[in-house]
$ cat coords01.tsv   # TSV, C-alpha atoms
chain	number	residue	atom	x	y	z
A	22	SER	CA	83.86	87.76	70.82
A	23	ARG	CA	85.93	88.87	73.82
A	24	LEU	CA	85.97	85.35	75.18
A	25	VAL	CA	87.03	83.91	71.82
A	26	LEU	CA	89.80	86.51	71.51
A	27	PHE	CA	90.96	85.82	75.09
A	28	CYS	CA	91.08	82.05	74.50
A	29	PHE	CA	92.95	82.54	71.21
A	30	LEU	CA	95.58	84.78	72.82
A	31	LEU	CA	95.98	82.36	75.73
A	32	PHE	CA	96.43	79.42	73.37
A	33	LEU	CA	98.90	81.42	71.26
A	34	CYS	CA	100.97	82.31	74.31
A	35	ALA	CA	101.04	78.69	75.46
A	36	TYR	CA	101.87	77.47	71.95
A	37	VAL	CA	104.80	79.89	71.61
A	38	LEU	CA	106.16	80.16	75.15
A	39	PHE	CA	106.20	76.52	76.15
A	40	PRO	CA	108.29	75.16	73.22
A	41	VAL	CA	110.63	78.14	73.54
A	42	GLY	CA	110.97	77.50	77.27
A	43	LEU	CA	111.75	73.82	76.77
A	44	TRP	CA	114.23	74.63	74.00
A	45	PHE	CA	115.95	77.15	76.27
A	46	ALA	CA	115.97	74.62	79.10
A	47	ARG	CA	117.49	71.98	76.84
A	48	CYS	CA	120.15	74.37	75.56
A	49	THR	CA	121.17	75.58	78.99
A	50	CYS	CA	121.02	72.06	80.35
A	51	CYS	CA	123.35	70.82	77.63
A	52	SER	CA	125.71	73.75	77.98
A	53	THR	CA	126.00	74.06	81.77
A	54	MET	CA	124.91	70.70	83.20
A	55	VAL	CA	125.97	68.21	80.60
A	56	TYR	CA	127.64	66.00	83.22
A	57	ASP	CA	124.67	66.01	85.61
A	58	CYS	CA	121.71	64.04	84.26
A	59	GLY	CA	119.78	64.38	87.52
A	60	SER	CA	119.83	68.17	87.36
A	61	CYS	CA	118.65	68.08	83.77
A	62	VAL	CA	115.71	65.80	84.68
A	63	ALA	CA	114.82	68.03	87.63
A	64	LYS	CA	114.89	71.08	85.40
A	65	TYR	CA	112.62	69.55	82.78
A	66	PHE	CA	110.17	68.24	85.39
A	67	LEU	CA	109.91	71.57	87.21
A	68	CYS	CA	109.49	73.44	83.91
A	69	LEU	CA	106.71	71.14	82.70
A	70	PHE	CA	104.91	70.79	86.02
A	71	ASN	CA	104.94	74.50	86.85
A	72	PHE	CA	104.09	75.59	83.32
A	73	ILE	CA	100.84	73.60	83.54
A	74	PHE	CA	99.94	75.31	86.82
A	75	PHE	CA	101.15	78.67	85.48
A	76	LEU	CA	98.79	78.34	82.55
A	77	ALA	CA	95.90	77.18	84.76
A	78	GLY	CA	96.53	80.02	87.21
A	79	SER	CA	96.60	82.54	84.36
A	80	VAL	CA	93.23	81.30	83.10
A	81	VAL	CA	91.64	81.39	86.57
A	82	LEU	CA	93.09	84.84	87.32
A	83	SER	CA	92.00	86.23	83.94
A	84	VAL	CA	88.45	84.92	84.31
A	85	GLY	CA	88.27	86.33	87.84
A	86	ILE	CA	89.42	89.78	86.68
A	87	TRP	CA	86.98	89.63	83.77
A	88	LEU	CA	84.06	88.86	86.11
A	89	ALA	CA	85.09	91.62	88.50
A	90	VAL	CA	85.54	94.27	85.79
A	91	ASP	CA	82.83	93.38	83.29
A	92	LYS	CA	80.27	91.03	84.83
A	93	ASN	CA	77.53	92.23	82.46
A	94	SER	CA	79.22	90.67	79.42
A	95	PHE	CA	79.55	87.38	81.31
A	96	ILE	CA	75.87	87.47	82.28
A	97	GLY	CA	74.97	88.19	78.66
A	98	LEU	CA	77.09	85.25	77.52
A	99	LEU	CA	75.41	82.86	79.97
A	100	LYS	CA	71.93	84.10	79.04
A	101	ALA	CA	72.71	83.32	75.41
A	102	VAL	CA	73.07	79.65	76.38
A	103	PRO	CA	69.65	77.93	76.48
A	104	SER	CA	69.59	76.22	79.88
A	105	GLN	CA	67.28	76.12	82.89
A	106	HIS	CA	70.22	75.77	85.26
A	107	LEU	CA	72.13	78.96	84.43
A	108	PRO	CA	69.80	81.77	85.67
A	109	GLN	CA	70.67	81.09	89.33
A	110	PHE	CA	74.37	81.57	88.47
A	111	THR	CA	73.81	84.93	86.78
A	112	GLN	CA	72.92	86.86	89.93
A	113	PRO	CA	75.32	89.86	90.27
A	114	ALA	CA	76.11	89.00	93.91
A	115	VAL	CA	77.05	85.41	92.98
A	116	ILE	CA	79.32	86.57	90.14
A	117	GLU	CA	80.97	89.26	92.26
A	118	GLN	CA	81.79	86.87	95.11
A	119	ALA	CA	82.95	84.19	92.67
A	120	SER	CA	85.27	86.71	90.99
A	121	TYR	CA	87.06	87.44	94.28
A	122	ILE	CA	87.58	83.72	94.92
A	123	LEU	CA	88.91	83.17	91.40
A	124	ILE	CA	91.26	86.16	91.62
A	125	ALA	CA	92.70	84.96	94.95
A	126	ALA	CA	93.12	81.35	93.79
A	127	GLY	CA	94.46	82.35	90.37
A	128	ALA	CA	96.94	84.86	91.78
A	129	PHE	CA	98.27	82.28	94.24
A	130	MET	CA	98.70	79.63	91.52
A	131	PHE	CA	100.21	82.20	89.14
A	132	ILE	CA	102.84	83.50	91.58
A	133	VAL	CA	103.98	80.14	92.97
A	134	SER	CA	104.14	78.41	89.56
A	135	PHE	CA	105.89	81.47	88.08
A	136	LEU	CA	108.64	81.15	90.68
A	137	GLY	CA	109.09	77.45	89.91
A	138	TYR	CA	108.92	77.75	86.12
A	139	CYS	CA	111.15	80.79	85.73
A	140	GLY	CA	113.50	79.61	88.47
A	141	ALA	CA	114.10	76.29	86.70
A	142	LEU	CA	114.17	77.85	83.24
A	143	ARG	CA	116.63	80.61	84.13
A	144	GLU	CA	118.54	78.49	86.66
A	145	SER	CA	117.95	81.13	89.31
A	146	GLN	CA	118.90	80.11	92.83
A	147	CYS	CA	116.85	82.93	94.30
A	148	LEU	CA	113.62	81.96	92.50
A	149	LEU	CA	114.09	78.22	93.08
A	150	THR	CA	114.82	78.72	96.78
A	151	THR	CA	111.79	81.00	97.17
A	152	TYR	CA	109.65	78.44	95.32
A	153	GLY	CA	110.89	75.61	97.54
A	154	ILE	CA	110.28	77.63	100.71
A	155	CYS	CA	106.73	78.52	99.57
A	156	LEU	CA	105.88	74.86	98.95
A	157	LEU	CA	107.48	73.86	102.24
A	158	LEU	CA	105.42	76.45	104.14
A	159	ILE	CA	102.24	75.23	102.42
A	160	LEU	CA	103.05	71.64	103.34
A	161	VAL	CA	103.81	72.59	106.96
A	162	LEU	CA	100.52	74.52	107.19
A	163	GLU	CA	98.59	71.55	105.79
A	164	ILE	CA	100.18	69.13	108.27
A	165	THR	CA	99.68	71.58	111.16
A	166	ALA	CA	96.01	72.11	110.27
A	167	GLY	CA	95.43	68.37	110.06
A	168	GLY	CA	97.20	67.79	113.36
A	169	LEU	CA	95.22	70.52	115.16
A	170	VAL	CA	91.93	69.15	113.84
A	171	ALA	CA	92.87	65.64	115.00
A	172	ALA	CA	94.09	66.84	118.41
A	173	TYR	CA	91.14	69.15	119.10
A	174	ARG	CA	88.49	67.22	117.21
A	175	GLY	CA	85.61	68.06	119.58
A	176	LYS	CA	86.32	71.78	119.67
A	177	ALA	CA	86.94	71.86	115.91
A	178	GLU	CA	83.56	70.22	115.33
A	179	VAL	CA	81.76	72.74	117.54
A	180	GLU	CA	83.49	75.73	115.92
A	181	THR	CA	82.79	74.40	112.42
A	182	LYS	CA	79.11	73.93	113.21
A	183	ASN	CA	78.87	77.43	114.71
A	184	PHE	CA	80.51	78.98	111.67
A	185	LEU	CA	78.28	77.12	109.22
A	186	THR	CA	75.18	77.98	111.24
A	187	THR	CA	76.18	81.65	111.14
A	188	THR	CA	76.36	81.57	107.33
A	189	ILE	CA	72.77	80.27	107.22
A	190	ARG	CA	71.22	82.57	109.83
A	191	LYS	CA	72.80	85.60	108.23
A	192	TYR	CA	70.14	85.49	105.50
A	193	PRO	CA	66.33	85.22	105.83
A	194	VAL	CA	64.90	81.93	104.61
A	195	ASP	CA	63.13	83.77	101.76
A	196	LYS	CA	66.51	84.68	100.27
A	197	PHE	CA	67.24	80.99	99.66
A	198	SER	CA	64.36	80.76	97.22
A	199	PRO	CA	65.45	80.76	93.54
A	200	ALA	CA	62.30	82.72	92.66
A	201	THR	CA	63.42	85.83	94.58
A	202	ASN	CA	66.49	86.49	92.36
A	203	GLN	CA	68.42	87.52	95.49
A	204	SER	CA	70.85	84.62	95.60
A	205	ASN	CA	74.50	85.02	96.49
A	206	ALA	CA	77.39	82.57	96.64
A	207	ILE	CA	76.50	81.38	100.16
A	208	THR	CA	72.78	80.75	99.57
A	209	LEU	CA	73.57	79.14	96.21
A	210	MET	CA	76.10	76.81	97.84
A	211	TRP	CA	73.67	75.79	100.59
A	212	ASN	CA	70.84	75.21	98.13
A	213	HIS	CA	72.90	72.85	95.99
A	214	LEU	CA	74.41	71.10	99.01
A	215	GLN	CA	70.99	70.45	100.52
A	216	ALA	CA	69.44	69.41	97.22
A	217	GLN	CA	72.23	66.96	96.36
A	218	LEU	CA	72.70	65.44	99.84
A	219	HIS	CA	69.02	65.41	100.85
A	220	CYS	CA	69.55	67.35	104.06
A	221	CYS	CA	68.48	70.61	105.69
A	222	GLY	CA	70.61	73.14	107.58
A	223	VAL	CA	73.66	72.32	109.65
A	224	ASN	CA	71.81	70.33	112.34
A	225	ASN	CA	68.19	70.59	111.10
A	226	TYR	CA	65.61	73.10	109.84
A	227	LYS	CA	65.84	75.20	113.03
A	228	ASP	CA	69.13	76.69	111.79
A	229	PHE	CA	67.27	78.91	109.31
A	230	ASN	CA	66.25	82.48	110.04
A	231	THR	CA	62.45	82.30	109.69
A	232	SER	CA	61.61	85.67	111.26
A	233	HIS	CA	59.15	87.79	109.25
A	234	SER	CA	58.43	84.88	106.91
A	235	GLU	CA	55.76	82.24	106.45
A	236	ARG	CA	58.40	79.83	105.22
A	237	VAL	CA	59.96	77.31	107.55
A	238	ILE	CA	62.48	75.81	105.13
A	239	PRO	CA	63.75	76.68	101.62
A	240	GLU	CA	62.84	74.63	98.54
A	241	SER	CA	66.20	72.85	98.61
A	242	CYS	CA	65.21	71.07	101.85
A	243	CYS	CA	62.12	69.56	100.21
A	244	VAL	CA	61.74	66.33	98.29
A	245	LEU	CA	62.49	67.60	94.78
A	246	GLU	CA	61.61	66.55	91.27
A	247	ASP	CA	64.04	64.40	89.25
A	248	ASP	CA	66.28	67.33	88.25
A	249	VAL	CA	67.17	68.54	91.75
A	250	SER	CA	69.25	71.46	90.48
A	251	LEU	CA	66.03	73.23	89.43
A	252	LEU	CA	64.85	73.21	93.08
A	253	ARG	CA	61.25	72.31	92.24
A	254	PRO	CA	59.52	70.60	95.21
A	255	VAL	CA	57.30	67.62	94.57
A	256	TYR	CA	55.01	68.98	97.30
A	257	PRO	CA	54.94	72.84	97.10
A	258	ILE	CA	53.40	73.07	100.58
A	259	CYS	CA	56.58	71.65	102.15
A	260	THR	CA	58.24	75.07	102.55
A	261	SER	CA	55.59	76.19	105.04
A	262	ARG	CA	54.49	72.82	106.45
A	263	PRO	CA	57.42	70.42	106.28
A	264	SER	CA	57.17	66.79	107.29
A	265	GLU	CA	59.30	63.68	107.01
A	266	THR	CA	57.25	62.71	103.94
A	267	ASN	CA	57.67	65.88	101.88
A	268	SER	CA	61.09	67.08	103.07
A	269	TYR	CA	64.38	66.30	104.82
A	270	TYR	CA	63.86	68.99	107.45
A	271	LEU	CA	65.18	66.86	110.34
A	272	VAL	CA	68.32	65.64	108.56
A	273	GLY	CA	71.36	67.86	109.24
A	274	CYS	CA	73.89	68.40	106.45
A	275	TYR	CA	76.87	68.33	108.80
A	276	GLN	CA	76.35	64.72	109.82
A	277	VAL	CA	75.57	63.71	106.21
A	278	VAL	CA	78.87	65.22	105.04
A	279	VAL	CA	80.77	63.56	107.90
A	280	ASP	CA	79.25	60.18	107.04
A	281	HIS	CA	80.12	60.72	103.38
A	282	ILE	CA	83.73	61.53	104.29
A	283	LYS	CA	83.97	58.44	106.50
A	284	SER	CA	82.65	56.20	103.72
A	285	ASN	CA	85.32	57.55	101.35
A	286	MET	CA	88.14	57.82	103.90
A	287	ASN	CA	90.51	55.49	102.01
A	288	LEU	CA	90.20	57.58	98.86
A	289	ILE	CA	90.70	60.84	100.77
A	290	ILE	CA	93.78	59.48	102.58
A	291	GLY	CA	95.22	58.21	99.28
A	292	VAL	CA	94.70	61.55	97.52
A	293	SER	CA	96.15	63.47	100.50
A	294	ILE	CA	99.25	61.27	100.60
A	295	GLY	CA	99.67	61.59	96.83
A	296	LEU	CA	99.46	65.40	96.96
A	297	GLY	CA	101.86	65.49	99.90
A	298	LEU	CA	104.39	63.31	98.07
A	299	LEU	CA	104.09	65.47	94.96
A	300	GLN	CA	104.78	68.58	97.03
A	301	LEU	CA	107.76	66.88	98.66
A	302	LEU	CA	109.09	65.88	95.24
A	303	CYS	CA	108.85	69.46	93.97
A	304	ILE	CA	110.53	70.78	97.14
A	305	PHE	CA	113.31	68.22	96.84
A	306	LEU	CA	113.91	68.93	93.14
A	307	ALA	CA	113.86	72.70	93.66
A	308	PHE	CA	116.48	72.65	96.40
A	309	CYS	CA	118.60	70.02	94.63
A	310	LEU	CA	118.58	72.02	91.40
A	311	SER	CA	119.41	75.19	93.33
A	312	LYS	CA	122.37	73.46	94.99
A	313	SER	CA	123.50	71.99	91.67
A	314	ILE	CA	123.45	75.46	90.09
A	315	ASN	CA	125.57	76.78	92.95
A	316	GLY	CA	128.03	73.93	92.40
A	317	TYR	CA	128.44	74.73	88.72
A	318	LYS	CA	128.99	78.38	89.48

$ encode --input "coords01.tsv" --output "structure tokens"
Amino acid sequence: SRLVLFCFLLFLCAYVLFPVGLWFARCTCCSTMVYDCGSCVAKYFLCLFNFIFFLAGSVVLSVGIWLAVDKNSFIGLLKAVPSQHLPQFTQPAVIEQASYILIAAGAFMFIVSFLGYCGALRESQCLLTTYGICLLLILVLEITAGGLVAAYRGKAEVETKNFLTTTIRKYPVDKFSPATNQSNAITLMWNHLQAQLHCCGVNNYKDFNTSHSERVIPESCCVLEDDVSLLRPVYPICTSRPSETNSYYLVGCYQVVVDHIKSNMNLIIGVSIGLGLLQLLCIFLAFCLSKSINGYK
């Protein structure tokens, strides 16, 4: 009932606020910028684009806060859905860690899109300039990160492997088993990555912490039944006696992911360029609209 009420209120806010915002934008555009079609188009585009992200950020932030404050109701809701896949997502540790990620991502989307939407709607130079600077900083950070990775590729690869290996060795191999009910966001992520990509560990099975355990690898490193998300090995003995027949214990996930990225490099480059151009367009429109507002004043 809480979820239904939340969705209804969210839909009501979107249904009321968006038409009102566009009407206000049209009125102010006609009254103050009637001779500048470009400014009017920029205003409409920024309002529409940022309202979509504002709404998405509000949903993500709200869900994150809900999970952090009242995870029991969310667990009860998921348990009411008949599915074999959901129990592994209802572990308190998984929900708690997911809530922090959702709150951080939602708050970021909410704040940045709020600056853009309200800045364009209210024709505020301060908000539009702040919005443009935020997007510019994000774009600069993205380009800098990409440049550093390209320039220090070898060192970046070593550091990435060390970090990923640390996330695996932090937990005993028994904790990766879905039967223990001790999953968290990290073990859940590794289990699904290994099950989907048919790999084991960062480099191989030796990355796992097998101290005080008869297990050598988790179930997700084994050859699994048709529905891999259930983590049911075809050969149950593989967790203690892995081989190339019953598991992927010698296949490292890092190299599998790298090969997958290389095979889809054209798509990744295209998406990256598209996102970069979209950011540049928003930056350009924000600063142009801000300057146009200053000219009319």

$ atom_distance --input "coords01.tsv" --atom1 "atom CA of A:Ile73" --atom2 "atom CA of A:Gly291"
22.7 Å

$ residues_around --input "coords01.tsv" --residues "stretch 271-276 of chain A" --least-positions-apart "4" --cutoff "8 Å" --atoms "all atoms listed in the file" --output "ChimeraX atom specification"
/A:182,214-215,218-226,265,280

$ atom_distance --input "coords01.tsv" --atom1 "atom CA of A:Val279" --atom2 "atom CA of A:Glu240"
23.1 Å

$ atom_distance --input "coords01.tsv" --atom1 "atom CA of A:Ser60" --atom2 "atom CA of A:Leu136"
17.5 Å

$ closest_residue --input "coords01.tsv" --among "A:Ile238, A:Ala172, A:Ala119, A:Leu67" --to "A:Val194" --atoms "only C-alpha atoms"
A:Ile238
